[in-house]
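Peer 1: Provided herewith is a single structure, encoded as structure tokens, for subsequent inquiry.
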Amino acid sequence: MSQPRAAYIHVPFCRHHCGYCNFTVLAGRDDLQDAYLDAVEIELESLRSPKAVDTLYVGGGTPTHLTPRALNRLMELLVRWLPINADGEWSIEANPVSVDRSTFQLLRSYGVTRVSLGVQSFDSKKLALLERDHGETEIRRAFDLARDIFDSVSFDLIFAVPGETPLQWKNDLRAAVELAPDHVSTYGLTLEKGAKFWGRWRRGKLEPVDDETQRVMYEDAIDYLVAQG
């Protein structure tokens, strides 16, 4: 059996657990960061020797929510146990309000090549419904910082948010493309058991976008992004 060429590291800490998210997330429990890193270290040591990878992805949660000391420790562990091959890609997720220049410089110093910004939307009402704690100002600030430091910057965008129209979604796509990121990932909102949105939907307080409108939004994203290169 061939050796795996990629690895994913999940960092579960967040400042706030957004209503649509059913990932393994710890909000308000930063006191557990050291225990989490102890567990990561034990798991990586089980490899017995370093395993070079072509792709390393650090997601969450919010990896950049870790304290500088904890983030530094995580980077040290990954450099030791999961070194990146030449021409490999090391990505890390970041929320616009959880980064500054020193955070990005720390990540770059360890070899991170790509930052994926959890933009989700440029529309203030949509961001409020998604319980995000940033706005367009924070997005642009984080993007400018990332562009200045990293080889590649990508955006995550969510579509089919309750009440959203195809026109609103197209405006989000246009706003993203205007900043010229290297990559855009789009995700249709799903109501997942375990997320707060699931309970609101079951109580009749949240109406999901219908399947046909979701399909139109999905195809609009493909058509527009391909046309923009």
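Going by the structure tokens order, chains are called A, B, ..., each with residues numbered from 1, while ligands are numbered from 1 in the order shown.
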Skipping near chain neighbours, those fewer than 3 positions away, what residues fall within 8 Å of A:Leu130 using only C-alpha atoms, listed as a PyMOL selection string?
Peer 2: chain A and resi 18-20+126-127+161
Peer 1: Restricting the calculation to only C-alpha atoms, which member of A:Glu212, A:Glu136, A:Glu219, A:Glu93 is positioned closest to A:Ala176?
Peer 2: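 Nearest to A:Ala176: A:Glu136.
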Peer 1: Give me, as a VMD selection string, all polymer residues having an atom no more than 7 Å from stretch 27-41 of chain A, counting only C-alpha atoms and skipping those fewer than 4 positions away in the same chain.
Peer 2: chain A and resid 13 to 17 45 70 74 77
Peer 1: Those residues with N, CA and C atoms, as a tab-separated table (two decimals), in the first residue's frame please?
Peer 2:
```tsv
chain	number	residue	atom	x	y	z
A	13	PHE	N	-11.13	24.99	17.92
A	13	PHE	CA	-11.44	26.18	18.72
A	13	PHE	C	-12.00	27.31	17.87
A	14	CYS	N	-13.03	27.97	18.43
A	14	CYS	CA	-13.65	29.13	17.78
A	14	CYS	C	-14.04	30.14	18.86
A	15	ARG	N	-14.17	31.39	18.42
A	15	ARG	CA	-14.70	32.40	19.33
A	15	ARG	C	-16.20	32.23	19.52
A	16	HIS	N	-16.87	31.78	18.44
A	16	HIS	CA	-18.32	31.60	18.48
A	16	HIS	C	-18.68	30.42	17.60
A	17	HIS	N	-19.64	29.61	18.04
A	17	HIS	CA	-20.10	28.47	17.24
A	17	HIS	C	-21.28	28.94	16.39
A	45	GLU	N	3.17	11.43	17.23
A	45	GLU	CA	4.27	10.54	17.64
A	45	GLU	C	3.99	9.09	17.28
A	70	ALA	N	0.24	28.77	21.48
A	70	ALA	CA	-0.32	27.49	21.05
A	70	ALA	C	-0.14	27.30	19.54
A	74	LEU	N	1.81	24.24	17.63
A	74	LEU	CA	1.22	23.42	16.58
A	74	LEU	C	2.10	23.41	15.34
A	77	LEU	N	5.09	21.17	15.77
A	77	LEU	CA	4.75	19.75	15.65
A	77	LEU	C	4.57	19.34	14.19
```
Peer 1: Using DSSP secondary structure from the backbone, list all strand (DSSP E) positions within stretch 10-229 of chain A, as JSON, numbers by chain.
Peer 2: {"A": [10, 11, 13, 14, 26, 27, 53, 54, 55, 56, 57, 58, 59, 60, 84, 85, 86, 87, 88, 89, 90, 91, 92, 93, 94, 114, 115, 116, 117, 118, 119, 120, 152, 153, 154, 155, 156, 157, 158, 159, 183, 184, 185, 186, 187, 188]}
Peer 1: Looking at A:Val53, A:Ala195, A:Leu157, A:Met217, which one is nearest to A:Trp81, with distances taken over only C-alpha atoms?
Peer 2: A:Val53
Peer 1: So how many Å separate atom CA of A:Val79 and atom CA of A:Leu47, to one decimal?
Peer 2: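 Answer for the atom CA of A:Val79 to atom CA of A:Leu47 separation: 13.7 Å.
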Peer 1: Quick one: distance from atom CA of A:Asp182 to atom CA of A:Asn72 in Å, one decimal?
Peer 2: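 Distance reported for this atom pair: 26.2 Å.
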Peer 1: Taking 4 positions as the minimum chain separation for residues in the same chain, which residues sit within 9 Å of A:Met75 when counting only C-alpha atoms? Answer as a PyMOL selection string.
Peer 2: chain A and resi 70-71+79-80+106-107+110
Peer 1: DSSP on the backbone: what in stretch 34-211 of chain A comes out alpha helix (DSSP H), as a PyMOL selection string?
Peer 2: chain A and resi 34-45+68-81+101-110+124-129+136-149+166-179+196-202+211
Peer 1: Taking only C-alpha atoms into account, name the residue in A:Val216, A:Val99, A:Ser121, A:Ile42 that is nearest to A:Asp172.
Peer 2: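 Going through A:Val216, A:Val99, A:Ser121, A:Ile42 one by one, the smallest distance to A:Asp172 is for A:Ser121.
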Peer 1: Pick out the residues sitting within 9 Å of A:Tyr8, and hand them over as a PyMOL selection string; count only C-alpha atoms, and ignore anything fewer than 4 positions along from it in its own chain.
Peer 2: chain A and resi 55-59
Peer 1: Once you have the residues from the selection above, write them out as a compact mmCIF listing (two decimals), in the first residue's frame, restricted to N, CA and C atoms.
Peer 2:
```txt
# COMPACT_ATOMS: atom_id res chain seq x y z
N THR A 55 0.53 17.68 0.44
CA THR A 55 -0.51 18.63 0.83
C THR A 55 -0.79 18.49 2.32
N LEU A 56 -0.76 19.62 3.01
CA LEU A 56 -1.12 19.66 4.42
C LEU A 56 -2.16 20.76 4.59
N TYR A 57 -3.31 20.38 5.18
CA TYR A 57 -4.41 21.34 5.35
C TYR A 57 -4.77 21.41 6.82
N VAL A 58 -4.75 22.63 7.37
CA VAL A 58 -5.11 22.85 8.77
C VAL A 58 -6.42 23.61 8.79
N GLY A 59 -7.48 22.94 9.25
CA GLY A 59 -8.81 23.56 9.24
C GLY A 59 -9.45 23.55 10.61
```
Peer 1: Find the residues around A:Thr103 up to 12 Å (only C-alpha atoms counted), leave out those fewer than 4 positions away in its own chain, and share them as a list in words.
Peer 2: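 The residues satisfying every condition are Pro63, Thr64, His65, Leu66, Thr67, Pro68, Arg69, Ala70, Leu71, Asn72, Met75, Ile92, Ala94, Asn95, Pro96, Val97, Ser98, Val99, Leu107, Arg108, Ser109, Tyr110, Val112, Val115, Ala142, Leu145, Ala146 and Ile149 of chain A.
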Peer 1: Rank A:Ile9, A:Leu44, A:Asp148, A:Pro162 by their smallest atom-to-atom distance to A:Ser91, using only C-alpha atoms, and report the top residue only.
Peer 2: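 The closest residue to A:Ser91 is A:Ile9.
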Peer 1: Nearest residue to A:Ser124 out of A:Leu179, A:Trp201, A:Glu138, A:Val184, using only C-alpha atoms?
Peer 2: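 Counting only C-alpha atoms, the residue closest to A:Ser124 is A:Glu138.
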Peer 1: Taking only C-alpha atoms into account, name the residue in A:Tyr187, A:Val209, A:Leu225, A:Gly163 that is nearest to A:Ala175.
Peer 2: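 Using only C-alpha atoms, A:Ala175 sits closest to A:Leu225.
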